[in-house]
>>> print(open('model.pdb').read())   # PDB, C-alpha atoms, pLDDT in the B column
ATOM      1  CA  MET A  43    -104.889 -18.081 118.871  1.00 59.00           C
ATOM      2  CA  ARG A  44    -106.401 -16.646 115.690  1.00 60.00           C
ATOM      3  CA  LYS A  45    -103.345 -14.533 114.947  1.00 70.00           C
ATOM      4  CA  LYS A  46    -100.942 -17.470 115.251  1.00 79.00           C
ATOM      5  CA  ALA A  47    -102.168 -19.435 112.206  1.00 80.00           C
ATOM      6  CA  LEU A  48     -99.147 -18.568 110.076  1.00 83.00           C
ATOM      7  CA  LEU A  49     -96.757 -19.551 112.871  1.00 84.00           C
ATOM      8  CA  PHE A  50     -98.477 -22.923 113.303  1.00 85.00           C
ATOM      9  CA  LEU A  51     -98.356 -23.465 109.523  1.00 85.00           C
ATOM     10  CA  VAL A  52     -94.613 -22.854 109.391  1.00 86.00           C
ATOM     11  CA  LEU A  53     -93.950 -25.047 112.431  1.00 85.00           C
ATOM     12  CA  ALA A  54     -96.103 -27.869 111.049  1.00 87.00           C
ATOM     13  CA  VAL A  55     -94.328 -27.758 107.677  1.00 88.00           C
ATOM     14  CA  VAL A  56     -90.852 -27.723 109.223  1.00 87.00           C
ATOM     15  CA  THR A  57     -91.553 -30.542 111.673  1.00 86.00           C
ATOM     16  CA  GLY A  58     -93.319 -32.503 108.942  1.00 85.00           C
ATOM     17  CA  LEU A  59     -90.336 -32.223 106.638  1.00 85.00           C
ATOM     18  CA  VAL A  60     -87.920 -33.275 109.359  1.00 82.00           C
ATOM     19  CA  GLY A  61     -90.147 -36.001 110.778  1.00 80.00           C
ATOM     20  CA  PHE A  62     -91.348 -37.716 107.629  1.00 82.00           C
ATOM     21  CA  THR A  63     -88.431 -37.508 105.155  1.00 82.00           C
ATOM     22  CA  GLY A  64     -86.759 -40.725 106.203  1.00 77.00           C
ATOM     23  CA  LEU A  65     -84.325 -39.352 108.742  1.00 75.00           C
ATOM     24  CA  SER A  66     -83.717 -41.634 111.677  1.00 77.00           C
ATOM     25  CA  PHE A  67     -82.335 -40.550 114.997  1.00 79.00           C
ATOM     26  CA  SER A  68     -83.342 -40.950 118.605  1.00 82.00           C
ATOM     27  CA  GLY A  69     -85.734 -37.970 118.801  1.00 81.00           C
ATOM     28  CA  ILE A  70     -87.688 -38.541 115.587  1.00 84.00           C
ATOM     29  CA  GLU A  71     -90.830 -39.717 117.385  1.00 85.00           C
ATOM     30  CA  VAL A  72     -90.899 -36.508 119.409  1.00 87.00           C
ATOM     31  CA  ILE A  73     -90.720 -34.461 116.200  1.00 85.00           C
ATOM     32  CA  ARG A  74     -93.549 -36.486 114.669  1.00 86.00           C
ATOM     33  CA  ILE A  75     -95.708 -35.857 117.748  1.00 88.00           C
ATOM     34  CA  MET A  76     -94.841 -32.154 117.569  1.00 88.00           C
ATOM     35  CA  PHE A  77     -95.997 -32.197 113.933  1.00 88.00           C
ATOM     36  CA  LEU A  78     -99.367 -33.588 114.970  1.00 89.00           C
ATOM     37  CA  ILE A  79     -99.703 -30.977 117.714  1.00 89.00           C
ATOM     38  CA  PHE A  80     -98.828 -28.079 115.390  1.00 88.00           C
ATOM     39  CA  ALA A  81    -101.133 -29.381 112.659  1.00 90.00           C
ATOM     40  CA  ASP A  82    -104.002 -29.607 115.158  1.00 91.00           C
ATOM     41  CA  LEU A  83    -103.315 -26.090 116.428  1.00 88.00           C
ATOM     42  CA  LEU A  84    -103.267 -24.835 112.830  1.00 88.00           C
ATOM     43  CA  VAL A  85    -106.676 -26.370 112.132  1.00 91.00           C
ATOM     44  CA  ILE A  86    -108.091 -24.970 115.375  1.00 89.00           C
ATOM     45  CA  SER A  87    -106.778 -21.467 114.656  1.00 87.00           C
ATOM     46  CA  LEU A  88    -108.178 -21.530 111.107  1.00 87.00           C
ATOM     47  CA  MET A  89    -111.556 -22.687 112.419  1.00 88.00           C
ATOM     48  CA  ALA A  90    -111.496 -19.901 114.988  1.00 85.00           C
ATOM     49  CA  LYS A  91    -110.867 -17.355 112.224  1.00 83.00           C
ATOM     50  CA  LEU A  92    -113.753 -18.805 110.241  1.00 84.00           C
ATOM     51  CA  PHE A  93    -116.327 -18.940 113.038  1.00 86.00           C
ATOM     52  CA  PHE A  94    -115.236 -15.929 115.103  1.00 81.00           C
ATOM     53  CA  PRO A  95    -114.283 -13.032 112.824  1.00 76.00           C
ATOM     54  CA  GLU A  96    -112.433 -10.124 114.378  1.00 75.00           C
ATOM     55  CA  LYS A  97    -114.580  -7.295 115.661  1.00 74.00           C
ATOM     56  CA  GLN A  98    -113.981  -3.842 114.307  1.00 74.00           C
ATOM     57  CA  LYS A  99    -112.323  -1.528 116.755  1.00 76.00           C
ATOM     58  CA  MET A 100    -114.384   1.312 118.092  1.00 76.00           C
ATOM     59  CA  LYS A 101    -113.193   4.746 117.101  1.00 80.00           C
ATOM     60  CA  TYR A 102    -112.882   7.552 119.586  1.00 82.00           C
ATOM     61  CA  GLN A 103    -115.379  10.327 118.962  1.00 80.00           C
ATOM     62  CA  PRO A 104    -115.111  13.357 121.199  1.00 83.00           C
ATOM     63  CA  VAL A 105    -118.294  14.778 122.676  1.00 83.00           C
ATOM     64  CA  LYS A 106    -119.116  18.282 121.490  1.00 83.00           C
ATOM     65  CA  ARG A 107    -119.905  20.640 124.333  1.00 82.00           C
ATOM     66  CA  ARG A 108    -122.074  23.691 123.958  1.00 75.00           C
TER      67      ARG A 108
END
>>> encode(input="model.pdb", output="structure tokens")
Amino acid sequence: MRKKALLFLVLAVVTGLVGFTGLSFSGIEVIRIMFLIFADLLVISLMAKLFFPEKQKMKYQPVKRR
């Protein structure tokens, strides 16, 4: 979820532009609901990045044998 923040931002902007620019067709309410869902997922993913930073990966260190 934390790595998808940019995707949710793009989806929220696109659906927001389509849903709230004055277009009117039969599926506009669905697009507006999708905007709300993507905006919520964007906020959740940004909060997850803020509160749960990524852990550093452990590096492989070979054991020296005598």
>>> resolve_selection(input="model.pdb", expression="the PyMOL selection byres ((chain A and resi 45) around 10)", output="list of chain:residue names")
A:Met43, A:Arg44, A:Lys46, A:Ala47, A:Leu48, A:Leu49, A:Phe50, A:Ser87, A:Leu88, A:Ala90, A:Lys91
>>> atom_distance(input="model.pdb", atom1="CA of Leu84 in chain A", atom2="CA of Val55 in chain A")
10.7 Å
>>> resolve_selection(input="model.pdb", expression="the PyMOL selection byres ((chain A and resi 58) around 9)", output="list in words")
Leu53, Ala54, Val55, Val56, Thr57, Leu59, Val60, Gly61, Phe62, Thr63, Ile73, Arg74, Met76, Phe77 and Leu78 of chain A
>>> write_last_selection(input="model.pdb", atoms="C-alpha atoms", output="PDB file, in the coordinates of the input")
ATOM      1  CA  LEU A  53     -93.950 -25.047 112.431  1.00 85.00           C
ATOM      2  CA  ALA A  54     -96.103 -27.869 111.049  1.00 87.00           C
ATOM      3  CA  VAL A  55     -94.328 -27.758 107.677  1.00 88.00           C
ATOM      4  CA  VAL A  56     -90.852 -27.723 109.223  1.00 87.00           C
ATOM      5  CA  THR A  57     -91.553 -30.542 111.673  1.00 86.00           C
ATOM      6  CA  LEU A  59     -90.336 -32.223 106.638  1.00 85.00           C
ATOM      7  CA  VAL A  60     -87.920 -33.275 109.359  1.00 82.00           C
ATOM      8  CA  GLY A  61     -90.147 -36.001 110.778  1.00 80.00           C
ATOM      9  CA  PHE A  62     -91.348 -37.716 107.629  1.00 82.00           C
ATOM     10  CA  THR A  63     -88.431 -37.508 105.155  1.00 82.00           C
ATOM     11  CA  ILE A  73     -90.720 -34.461 116.200  1.00 85.00           C
ATOM     12  CA  ARG A  74     -93.549 -36.486 114.669  1.00 86.00           C
ATOM     13  CA  MET A  76     -94.841 -32.154 117.569  1.00 88.00           C
ATOM     14  CA  PHE A  77     -95.997 -32.197 113.933  1.00 88.00           C
ATOM     15  CA  LEU A  78     -99.367 -33.588 114.970  1.00 89.00           C
TER      16      LEU A  78
END
